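> Got start17.cif for you, mmCIF, C-alpha atoms:
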```cif
data_final
#
loop_
_atom_site.label_atom_id
_atom_site.label_comp_id
_atom_site.auth_asym_id
_atom_site.auth_seq_id
_atom_site.Cartn_x
_atom_site.Cartn_y
_atom_site.Cartn_z
CA MET A 14 1.06 -39.29 -100.27
CA ASP A 15 3.92 -36.79 -100.42
CA LEU A 16 4.34 -35.82 -96.75
CA SER A 17 5.87 -32.43 -97.53
CA LEU A 18 2.94 -31.57 -99.79
CA PHE A 19 0.49 -32.75 -97.12
CA HIS A 20 2.30 -30.64 -94.52
CA ASP A 21 2.12 -27.59 -96.80
CA LEU A 22 -1.60 -28.18 -97.34
CA LEU A 23 -2.21 -28.35 -93.59
CA GLN A 24 -0.35 -25.11 -93.06
CA VAL A 25 -2.39 -23.37 -95.76
CA LEU A 26 -5.66 -24.65 -94.29
CA ASP A 27 -4.59 -23.57 -90.80
CA ALA A 28 -3.79 -20.07 -92.09
CA THR A 29 -7.09 -20.01 -94.00
CA LEU A 30 -9.08 -20.43 -90.79
CA ARG A 31 -7.10 -17.71 -89.02
CA ILE A 32 -7.44 -15.23 -91.89
CA SER A 33 -11.11 -16.01 -92.53
CA ALA A 34 -12.25 -15.43 -88.94
CA PRO A 35 -12.38 -11.59 -88.97
CA LEU A 36 -13.81 -11.59 -92.50
CA LEU A 37 -16.57 -13.95 -91.40
CA LEU A 38 -17.49 -11.93 -88.30
CA ALA A 39 -17.59 -8.71 -90.33
CA ALA A 40 -19.60 -10.32 -93.14
CA LEU A 41 -22.16 -11.72 -90.69
CA ALA A 42 -22.36 -8.25 -89.17
CA GLY A 43 -23.27 -6.93 -92.60
CA VAL A 44 -25.89 -9.67 -93.03
CA PHE A 45 -27.74 -8.48 -89.90
CA SER A 46 -27.68 -4.87 -90.98
CA GLU A 47 -28.58 -5.33 -94.62
CA ARG A 48 -31.26 -7.92 -93.93
CA ALA A 49 -32.97 -5.16 -91.94
CA GLY A 50 -32.69 -2.73 -94.85
CA ILE A 51 -29.64 -0.75 -93.68
CA PHE A 52 -26.71 -0.73 -96.09
CA ASP A 53 -23.47 -0.58 -94.12
CA ILE A 54 -20.38 0.47 -96.03
CA GLY A 55 -18.91 1.37 -92.64
CA LEU A 56 -17.85 -2.16 -91.68
CA GLU A 57 -14.25 -1.16 -92.37
CA GLY A 58 -14.45 1.78 -89.97
CA LYS A 59 -15.98 -0.31 -87.20
CA LEU A 60 -13.24 -2.93 -87.61
CA LEU A 61 -10.59 -0.23 -87.28
CA VAL A 62 -12.11 1.51 -84.25
CA SER A 63 -12.76 -1.75 -82.38
CA ALA A 64 -9.23 -3.00 -83.12
CA PHE A 65 -7.78 0.22 -81.72
CA ALA A 66 -10.04 0.30 -78.65
CA ALA A 67 -9.34 -3.35 -77.83
CA ALA A 68 -5.57 -2.99 -78.15
CA ALA A 69 -5.42 0.33 -76.30
CA VAL A 70 -7.43 -0.89 -73.29
CA ALA A 71 -5.64 -4.26 -73.24
CA ALA A 72 -2.27 -2.47 -73.29
CA VAL A 73 -3.21 -0.17 -70.41
CA THR A 74 -5.02 -2.70 -68.21
CA GLY A 75 -3.19 -5.89 -69.16
CA SER A 76 -6.55 -7.65 -69.61
CA VAL A 77 -7.59 -8.98 -73.01
CA TRP A 78 -11.17 -9.34 -71.76
CA LEU A 79 -11.43 -5.65 -70.91
CA GLY A 80 -9.91 -4.97 -74.32
CA LEU A 81 -12.49 -7.18 -76.02
CA GLY A 82 -15.34 -5.45 -74.18
CA SER A 83 -13.98 -2.04 -75.09
CA GLY A 84 -13.66 -3.02 -78.74
CA ILE A 85 -17.27 -4.19 -78.82
CA LEU A 86 -18.50 -1.00 -77.09
CA ALA A 87 -16.58 1.22 -79.52
CA SER A 88 -17.97 -0.66 -82.51
CA VAL A 89 -21.54 -0.57 -81.17
CA ALA A 90 -21.20 3.18 -80.53
CA LEU A 91 -20.14 3.74 -84.13
CA ALA A 92 -22.95 1.47 -85.36
CA LEU A 93 -25.45 3.56 -83.36
CA VAL A 94 -24.09 6.72 -84.96
CA HIS A 95 -24.78 5.13 -88.34
CA GLY A 96 -28.24 4.12 -87.13
CA PHE A 97 -28.98 7.60 -85.80
CA ALA A 98 -28.06 9.14 -89.13
CA CYS A 99 -29.87 6.60 -91.31
CA ILE A 100 -32.82 5.44 -89.22
CA THR A 101 -33.78 8.44 -87.08
CA HIS A 102 -32.80 11.16 -89.54
CA ARG A 103 -33.28 9.10 -92.74
CA GLY A 104 -29.88 10.12 -94.09
CA ASN A 105 -28.10 8.61 -97.06
CA GLN A 106 -26.78 5.26 -95.87
CA ILE A 107 -23.85 5.13 -98.28
CA VAL A 108 -22.66 8.62 -97.35
CA SER A 109 -22.97 7.82 -93.64
CA GLY A 110 -20.95 4.61 -94.02
CA VAL A 111 -18.20 6.29 -95.99
CA ALA A 112 -18.05 9.10 -93.40
CA ILE A 113 -17.66 6.53 -90.63
CA ASN A 114 -14.74 4.95 -92.47
CA PHE A 115 -12.99 8.32 -92.80
CA ILE A 116 -13.64 9.21 -89.16
CA ALA A 117 -12.32 5.84 -87.96
CA SER A 118 -9.16 6.15 -90.05
CA GLY A 119 -8.40 9.60 -88.70
CA ILE A 120 -9.38 9.20 -85.05
CA THR A 121 -7.47 5.95 -84.50
CA ALA A 122 -4.26 7.46 -85.87
CA LEU A 123 -4.79 10.69 -83.88
CA LEU A 124 -5.56 9.01 -80.55
CA GLY A 125 -2.87 6.41 -81.04
CA GLN A 126 -0.23 9.10 -81.48
CA ALA A 127 -1.61 11.28 -78.67
CA TRP A 128 -1.84 8.47 -76.12
CA PHE A 129 1.16 6.27 -76.93
CA SER A 130 3.48 8.42 -79.11
CA GLN A 131 4.40 5.46 -81.31
CA GLY A 132 3.29 6.76 -84.69
CA GLY A 133 -0.31 5.68 -84.23
CA ARG A 134 0.56 2.26 -82.85
CA THR A 135 -0.29 0.84 -79.46
CA PRO A 136 2.33 -0.84 -77.25
CA GLN A 137 3.10 -4.49 -77.96
CA LEU A 138 0.63 -6.80 -76.22
CA THR A 139 2.00 -9.71 -74.21
CA GLY A 140 0.76 -12.26 -71.70
CA SER A 141 -2.80 -11.76 -70.47
CA ALA A 142 -3.22 -8.72 -72.72
CA ARG A 143 -3.80 -10.93 -75.77
CA PHE A 144 -5.59 -14.16 -76.61
CA GLU A 145 -3.64 -17.40 -76.45
CA ASP A 146 -4.00 -20.51 -78.61
CA ILE A 147 -6.49 -23.12 -77.44
CA THR A 148 -5.61 -26.81 -77.71
CA LEU A 149 -8.70 -28.91 -78.31
CA PRO A 150 -9.27 -32.07 -76.24
CA PHE A 151 -7.21 -35.12 -77.26
CA ALA A 152 -5.29 -33.15 -79.92
CA GLU A 153 -1.93 -34.42 -78.73
CA ALA A 154 -3.21 -37.96 -78.21
CA ILE A 155 -4.45 -38.44 -81.79
CA ALA A 156 -1.84 -36.33 -83.56
CA ALA A 157 0.01 -39.47 -84.67
CA VAL A 158 -3.06 -41.00 -86.34
CA PRO A 159 -2.55 -40.83 -90.12
CA VAL A 160 -4.40 -38.01 -91.95
CA ILE A 161 -7.13 -37.48 -89.33
CA GLY A 162 -4.68 -36.80 -86.50
CA PRO A 163 -2.73 -34.00 -88.20
CA ILE A 164 -5.95 -32.40 -89.49
CA TYR A 165 -7.44 -32.31 -85.99
CA ALA A 166 -4.24 -31.38 -84.18
CA ASP A 167 -2.70 -28.95 -86.67
CA VAL A 168 -5.70 -27.44 -88.49
CA LEU A 169 -8.70 -27.55 -86.16
CA SER A 170 -6.83 -27.24 -82.87
CA GLY A 171 -4.48 -24.47 -81.77
CA HIS A 172 -6.49 -21.38 -82.71
CA LYS A 173 -7.48 -18.35 -80.68
CA LEU A 174 -10.90 -18.33 -78.99
CA LEU A 175 -12.35 -15.81 -81.44
CA VAL A 176 -11.66 -18.11 -84.40
CA TYR A 177 -14.00 -20.69 -82.89
CA VAL A 178 -16.50 -17.96 -82.02
CA ALA A 179 -16.48 -16.78 -85.66
CA PHE A 180 -17.28 -20.20 -87.10
CA LEU A 181 -19.93 -20.87 -84.46
CA ALA A 182 -21.45 -17.47 -85.26
CA ALA A 183 -22.38 -18.57 -88.80
CA PRO A 184 -24.87 -21.34 -87.84
CA LEU A 185 -26.05 -19.21 -84.90
CA THR A 186 -26.79 -16.33 -87.29
CA TRP A 187 -28.69 -18.73 -89.57
CA TRP A 188 -30.75 -19.95 -86.61
CA VAL A 189 -31.50 -16.42 -85.40
CA LEU A 190 -32.52 -15.16 -88.85
CA TYR A 191 -34.58 -18.17 -89.97
CA ARG A 192 -35.78 -19.87 -86.80
CA THR A 193 -36.62 -17.08 -84.33
CA ARG A 194 -39.36 -14.46 -84.18
CA PHE A 195 -36.74 -11.72 -84.02
CA GLY A 196 -35.08 -12.98 -87.20
CA MET A 197 -38.33 -13.28 -89.13
CA ARG A 198 -39.32 -9.76 -88.13
CA LEU A 199 -35.87 -8.44 -89.00
CA ARG A 200 -36.02 -9.96 -92.49
CA ALA A 201 -39.56 -8.64 -92.93
CA VAL A 202 -38.34 -5.13 -92.08
CA GLY A 203 -35.79 -5.42 -94.86
CA GLU A 204 -38.38 -6.58 -97.39
CA ASN A 205 -41.61 -4.77 -96.51
CA PRO A 206 -41.33 -2.34 -93.58
CA ALA A 207 -44.83 -0.96 -94.16
CA ALA A 208 -46.36 -4.40 -93.51
CA VAL A 209 -44.30 -4.76 -90.33
CA ASP A 210 -45.43 -1.33 -89.18
CA THR A 211 -49.05 -2.23 -89.89
CA ALA A 212 -48.63 -5.27 -87.61
CA GLY A 213 -47.73 -2.90 -84.76
CA ILE A 214 -43.97 -3.57 -84.74
CA SER A 215 -41.59 -0.62 -84.60
CA VAL A 216 -39.53 -0.56 -87.79
CA ALA A 217 -37.02 1.87 -86.27
CA TRP A 218 -36.49 -0.28 -83.17
CA MET A 219 -35.99 -3.44 -85.25
CA ARG A 220 -33.43 -1.66 -87.40
CA TYR A 221 -31.61 -0.31 -84.34
CA ARG A 222 -31.41 -3.83 -82.92
CA ALA A 223 -29.96 -4.99 -86.24
CA VAL A 224 -27.23 -2.33 -86.24
CA ILE A 225 -26.42 -3.19 -82.61
CA CYS A 226 -25.89 -6.83 -83.70
CA THR A 227 -23.69 -5.47 -86.48
CA GLY A 228 -21.66 -3.49 -83.96
CA ILE A 229 -21.15 -6.50 -81.68
CA LEU A 230 -19.90 -8.75 -84.48
CA CYS A 231 -17.63 -6.04 -85.92
CA GLY A 232 -16.31 -5.46 -82.41
CA LEU A 233 -15.36 -9.13 -82.15
CA ALA A 234 -13.70 -8.98 -85.57
CA GLY A 235 -11.71 -5.84 -84.78
CA ALA A 236 -10.61 -7.15 -81.39
CA TYR A 237 -9.42 -10.33 -83.08
CA LEU A 238 -7.21 -8.34 -85.43
CA SER A 239 -5.33 -6.52 -82.67
CA THR A 240 -5.42 -8.93 -79.70
CA ALA A 241 -5.33 -12.36 -81.37
CA GLN A 242 -4.08 -12.26 -84.95
CA ASN A 243 -1.58 -9.52 -84.06
CA ALA A 244 -0.06 -8.30 -80.81
CA GLY A 245 -1.24 -4.70 -80.92
CA PHE A 246 -2.76 -2.07 -83.16
CA ILE A 247 -1.07 -0.51 -86.17
CA ARG A 248 -2.46 2.19 -88.42
CA GLU A 249 -4.98 1.01 -91.03
CA MET A 250 -4.57 -2.57 -89.86
CA SER A 251 -8.02 -3.55 -91.16
CA ALA A 252 -6.47 -3.21 -94.66
CA GLY A 253 -9.72 -3.42 -96.61
CA LYS A 254 -11.12 -6.43 -94.75
CA GLY A 255 -14.43 -4.64 -94.25
CA TYR A 256 -14.83 -4.24 -98.00
CA ILE A 257 -13.86 -7.86 -98.64
CA ALA A 258 -16.45 -8.90 -96.04
CA LEU A 259 -19.05 -6.89 -97.94
CA ALA A 260 -18.06 -8.64 -101.16
CA ALA A 261 -18.29 -12.06 -99.47
CA MET A 262 -21.74 -11.22 -98.13
CA ILE A 263 -23.01 -10.13 -101.56
CA PHE A 264 -21.34 -13.14 -103.19
CA ALA A 265 -23.33 -15.33 -100.76
CA LYS A 266 -26.55 -13.38 -101.44
CA TRP A 267 -26.93 -12.30 -97.80
CA ARG A 268 -27.17 -15.90 -96.49
CA PRO A 269 -25.10 -16.82 -93.40
CA ILE A 270 -23.79 -20.29 -94.29
CA PRO A 271 -22.82 -19.44 -97.90
CA THR A 272 -21.23 -16.29 -96.43
CA MET A 273 -19.00 -18.52 -94.30
CA PHE A 274 -17.83 -20.46 -97.36
CA ALA A 275 -17.27 -17.22 -99.30
CA CYS A 276 -15.06 -15.93 -96.48
CA LEU A 277 -13.16 -19.22 -96.46
CA LEU A 278 -12.56 -18.77 -100.19
CA PHE A 279 -11.13 -15.29 -99.67
CA GLY A 280 -9.11 -16.55 -96.70
CA LEU A 281 -7.70 -19.44 -98.74
CA LEU A 282 -6.57 -17.11 -101.49
CA ASP A 283 -4.92 -14.81 -98.97
CA ALA A 284 -3.24 -17.77 -97.25
CA LEU A 285 -1.89 -19.02 -100.58
CA ALA A 286 -0.60 -15.53 -101.38
CA ILE A 287 1.27 -15.38 -98.06
CA ARG A 288 2.55 -18.95 -98.27
CA TYR A 289 3.97 -18.66 -101.78
CA GLN A 290 5.45 -15.16 -101.68
CA GLY A 291 8.81 -15.36 -103.39
CA PHE A 292 8.26 -19.00 -104.35
CA GLU A 293 9.79 -20.02 -107.70
CA PHE A 294 7.23 -21.84 -109.84
CA PRO A 295 8.24 -24.11 -112.75
CA LEU A 296 8.11 -22.36 -116.15
CA ILE A 297 6.86 -19.15 -114.49
CA GLY A 298 9.65 -18.25 -112.14
CA THR A 299 9.26 -16.07 -109.06
CA ILE A 300 6.00 -14.17 -108.85
CA PRO A 301 6.43 -10.68 -107.31
CA SER A 302 5.09 -10.43 -103.77
CA GLN A 303 2.93 -7.48 -104.84
CA ALA A 304 1.16 -9.70 -107.37
CA THR A 305 0.28 -12.36 -104.81
CA ALA A 306 -0.79 -9.75 -102.26
CA VAL A 307 -3.48 -8.34 -104.55
CA LEU A 308 -5.06 -11.73 -105.33
CA PRO A 309 -7.91 -11.42 -102.76
CA TYR A 310 -8.81 -7.96 -104.10
CA VAL A 311 -8.69 -9.14 -107.71
CA LEU A 312 -11.03 -11.99 -106.78
CA THR A 313 -13.37 -9.47 -105.14
CA VAL A 314 -13.58 -7.44 -108.34
CA ILE A 315 -14.01 -10.51 -110.57
CA LEU A 316 -16.80 -11.96 -108.44
CA LEU A 317 -18.69 -8.69 -108.16
CA ALA A 318 -18.24 -7.99 -111.87
CA GLY A 319 -20.76 -10.66 -112.76
CA PHE A 320 -19.58 -14.17 -111.99
CA ILE A 321 -21.96 -14.64 -109.05
CA GLY A 322 -25.26 -14.49 -110.87
CA ARG A 323 -27.88 -11.97 -110.02
CA ALA A 324 -27.62 -10.89 -106.37
CA VAL A 325 -30.91 -9.36 -105.28
CA ALA A 326 -30.61 -7.26 -102.14
CA PRO A 327 -33.46 -6.94 -99.62
CA LYS A 328 -36.17 -4.85 -101.29
CA ALA A 329 -36.16 -2.10 -98.68
CA GLY A 330 -32.37 -1.96 -98.48
CA GLY A 331 -30.97 1.56 -98.52
CA VAL A 332 -34.44 3.14 -98.45
CA PRO A 333 -35.34 5.19 -95.34
CA TYR A 334 -38.76 4.23 -93.99
CA VAL A 335 -41.28 7.02 -93.71
CA LYS A 336 -44.37 6.04 -91.77
CA GLU A 337 -47.59 6.70 -93.64
CA ARG A 338 -50.08 8.91 -91.84
#
```
Please rewrite the model in this file as structure tokens.


Amino acid sequence: MDLSLFHDLLQVLDATLRISAPLLLAALAGVFSERAGIFDIGLEGKLLVSAFAAAAVAAVTGSVWLGLGSGILASVALALVHGFACITHRGNQIVSGVAINFIASGITALLGQAWFSQGGRTPQLTGSARFEDITLPFAEAIAAVPVIGPIYADVLSGHKLLVYVAFLAAPLTWWVLYRTRFGMRLRAVGENPAAVDTAGISVAWMRYRAVICTGILCGLAGAYLSTAQNAGFIREMSAGKGYIALAAMIFAKWRPIPTMFACLLFGLLDALAIRYQGFEFPLIGTIPSQATAVLPYVLTVILLAGFIGRAVAPKAGGVPYVKER
């Protein structure tokens, strides 16, 4: 095996896991919400607000854990605003989600400039204000073992805590949705809320619990962007990841484990784009960096344009529930 090619492959796979983590958390957040019948275009806005809140608090306090908690609280607050508009007042879910994205974009830039006077950025995070890499047990000891050692030591080991949380969240979400009473009720609310209401279960309360789960997962994703993947917040740092997470979720037909693989696919494409920027290919030459940067978004459009088969959303998705009297 060509060692340089193997080394390049390991680096791409390592980057794939890092890039996929926030996409996966955001996509799983969307699964909870949409399985309960609440369309959430506002994933992007929640990512942005939680990234800003996490970085701002971590910068001021020097504690990444306080930053993480603040990011989750900010995201849950925004999710509850969406829930209040769509569940309590039966507003248009698409309009509410788009409004949240606009609000998040504006308020993070405004507060960032007002508080830190760095053009909307937060101060650089260092030390205990950001997550550090975690070395898995025996990674150094087996690193010299051919093939398996480098994969374990260089790909699986050495990530931030939230990367492992993201990939553990996928099977946990599957278990919650398909093996618990809460999950079965939540899915029933998204398919036939009238039947759930007839059984004496509050449709509104189930949907609020779903959007709270959405807020928590988006909070983790946003905090990862600013306190783990990067060392601070910059304006519009979510860069469309919320929309890509939505595409991955639809591509996977609202199922947690396929959603994880869809996010890995998007992450792989992004990792390849970063790795081979400016690389000179035989017969093709150097591909412009702008062309490689748009690959994940092109894939999003291609997949949603009809290469995924028929994706049937939950039957009650996007429809406000009005209790029959």

> For a test of reading the model, state the distance in Å between CA of Ala244 in chain A and CA of Leu30 in chain A, rounded to one decimal.

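Between these atoms lies a distance of 18.1 Å.
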
> Which is closest to Cys226 in chain A among A:Leu86, A:Leu36, A:Leu79, A:Ala98, if we use all atoms listed in the file?

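Answer, going by the shortest atom-to-atom distance: A:Leu86.
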
> Please identify all polymer residues within 9 Å of range 269-284 of chain A, counting only C-alpha atoms, omitting same-chain residues fewer than 6 positions from it, and present them as a ChimeraX atom specification.

/A:24-34,36-37,40-41,44,180,182-187,190,257-258,260-263,305-310,312-313

> Counting all atoms listed in the file, which residue out of A:Pro136, A:Pro150, A:Gly50, A:Gly96 sits closest to Val224 in chain A?

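Closest residue, counting all atoms listed in the file: A:Gly96.
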
> Tell me which of A:Tyr177, A:Leu38, A:Leu22, A:Gly331 sits closest to Lys254 in chain A, counting all atoms listed in the file.

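Ranked by minimum distance to Lys254 in chain A, first place goes to A:Leu38.
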
> Would you compute the distance between CA of Ser215 in chain A and CA of Ala39 in chain A? Give it in Å to one decimal.

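One can read the CA of Ser215 in chain A to CA of Ala39 in chain A distance as 26.0 Å.
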
> Using only C-alpha atoms, which residue out of A:Ser251, A:Gln106, A:Ser118, A:Ser17 lies closest to Cys231 in chain A?

A:Ser251

> Write out as a PDB file with C-alpha atoms, in the frame of the given file each polymer residue whose atoms come within 7 Å of Ser76 in chain A, counting all atoms listed in the file; drop sequence neighbours fewer than 4 positions from it.


```
ATOM      1  CA  ALA A  71      -5.640  -4.260 -73.240  1.00  0.00           C
ATOM      2  CA  GLY A  80      -9.910  -4.970 -74.320  1.00  0.00           C
ATOM      3  CA  SER A 141      -2.800 -11.760 -70.470  1.00  0.00           C
ATOM      4  CA  ALA A 142      -3.220  -8.720 -72.720  1.00  0.00           C
TER       5      ALA A 142
END
```

> Quick one: residues within 9 Å of Leu56 in chain A, all atoms listed in the file counted, chain neighbours fewer than 3 positions away excluded, as JSON, numbers by chain?

{"A": [39, 40, 42, 43, 53, 59, 60, 61, 92, 110, 113, 114, 227, 228, 231, 254, 255, 256, 258, 259]}

> Report the centre and edge lengths, in Å to one decimal, of an axis-aligned box enclosing every atom of range 131-144 of chain A listed in the file, padded by 8 Å on each side, as AutoDock Vina command-line options.


```
--center_x -0.6 --center_y -3.7 --center_z -77.6 --size_x 26.0 --size_y 36.9 --size_z 30.2
```

> Between A:Val168, A:Leu175, A:Ile247, A:Ala265, which residue has the minimum interatomic distance to Gln126 in chain A, considering only C-alpha atoms?

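For Gln126 in chain A, the nearest of the given residues is A:Ile247.
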
> Compile the contact shell of Ala152 in chain A as a ChimeraX atom specification: residues with an atom at most 7 Å away, counting all atoms listed in the file, same-chain residues fewer than 4 positions apart removed.

/A:148,156,165-166,170

> Looking at all atoms listed in the file, which of A:Ala329, A:Ala68, A:Leu230, A:Met250 is the one that sits closest to Ala179 in chain A?

A:Leu230

> Could you give me, as an MDAnalysis selection string, the residues within 12 Å of Phe129 in chain A, counting all atoms listed in the file and dropping anything in the same chain fewer than 5 positions from it?

chainID A and resid 65 68:70 72:73 121:124 134:137 245:247

> Could you spell out the hits of the PyMOL selection byres ((chain A and resi 48) around 9) on the shown file, as a list in words?

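Expected selection for the PyMOL selection byres ((chain A and resi 48) around 9) here is Gly43, Val44, Phe45, Ser46, Glu47, Ala49, Gly50, Ile51, Phe52, Leu190, Leu199, Arg200, Ala201, Val202, Gly203, Glu204, Ala223, Trp267, Ala326, Pro327, Ala329 and Gly330 of chain A.
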
> Can you spit out the residues from that selection as an mmCIF file, in the coordinates of the input, using C-alpha atoms?


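In the end it all went to out.cif:
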```cif
data_model
loop_
_atom_site.group_PDB
_atom_site.id
_atom_site.type_symbol
_atom_site.label_atom_id
_atom_site.label_comp_id
_atom_site.auth_asym_id
_atom_site.auth_seq_id
_atom_site.Cartn_x
_atom_site.Cartn_y
_atom_site.Cartn_z
ATOM 1 C CA GLY A 43 -23.270 -6.930 -92.600
ATOM 2 C CA VAL A 44 -25.890 -9.670 -93.030
ATOM 3 C CA PHE A 45 -27.740 -8.480 -89.900
ATOM 4 C CA SER A 46 -27.680 -4.870 -90.980
ATOM 5 C CA GLU A 47 -28.580 -5.330 -94.620
ATOM 6 C CA ALA A 49 -32.970 -5.160 -91.940
ATOM 7 C CA GLY A 50 -32.690 -2.730 -94.850
ATOM 8 C CA ILE A 51 -29.640 -0.750 -93.680
ATOM 9 C CA PHE A 52 -26.710 -0.730 -96.090
ATOM 10 C CA LEU A 190 -32.520 -15.160 -88.850
ATOM 11 C CA LEU A 199 -35.870 -8.440 -89.000
ATOM 12 C CA ARG A 200 -36.020 -9.960 -92.490
ATOM 13 C CA ALA A 201 -39.560 -8.640 -92.930
ATOM 14 C CA VAL A 202 -38.340 -5.130 -92.080
ATOM 15 C CA GLY A 203 -35.790 -5.420 -94.860
ATOM 16 C CA GLU A 204 -38.380 -6.580 -97.390
ATOM 17 C CA ALA A 223 -29.960 -4.990 -86.240
ATOM 18 C CA TRP A 267 -26.930 -12.300 -97.800
ATOM 19 C CA ALA A 326 -30.610 -7.260 -102.140
ATOM 20 C CA PRO A 327 -33.460 -6.940 -99.620
ATOM 21 C CA ALA A 329 -36.160 -2.100 -98.680
ATOM 22 C CA GLY A 330 -32.370 -1.960 -98.480
#
```

> Suppose you want the space between CA of Gly75 in chain A and CA of Arg143 in chain A; what is it in Å?

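Computed distance, CA of Gly75 in chain A to CA of Arg143 in chain A, equals 8.3 Å.
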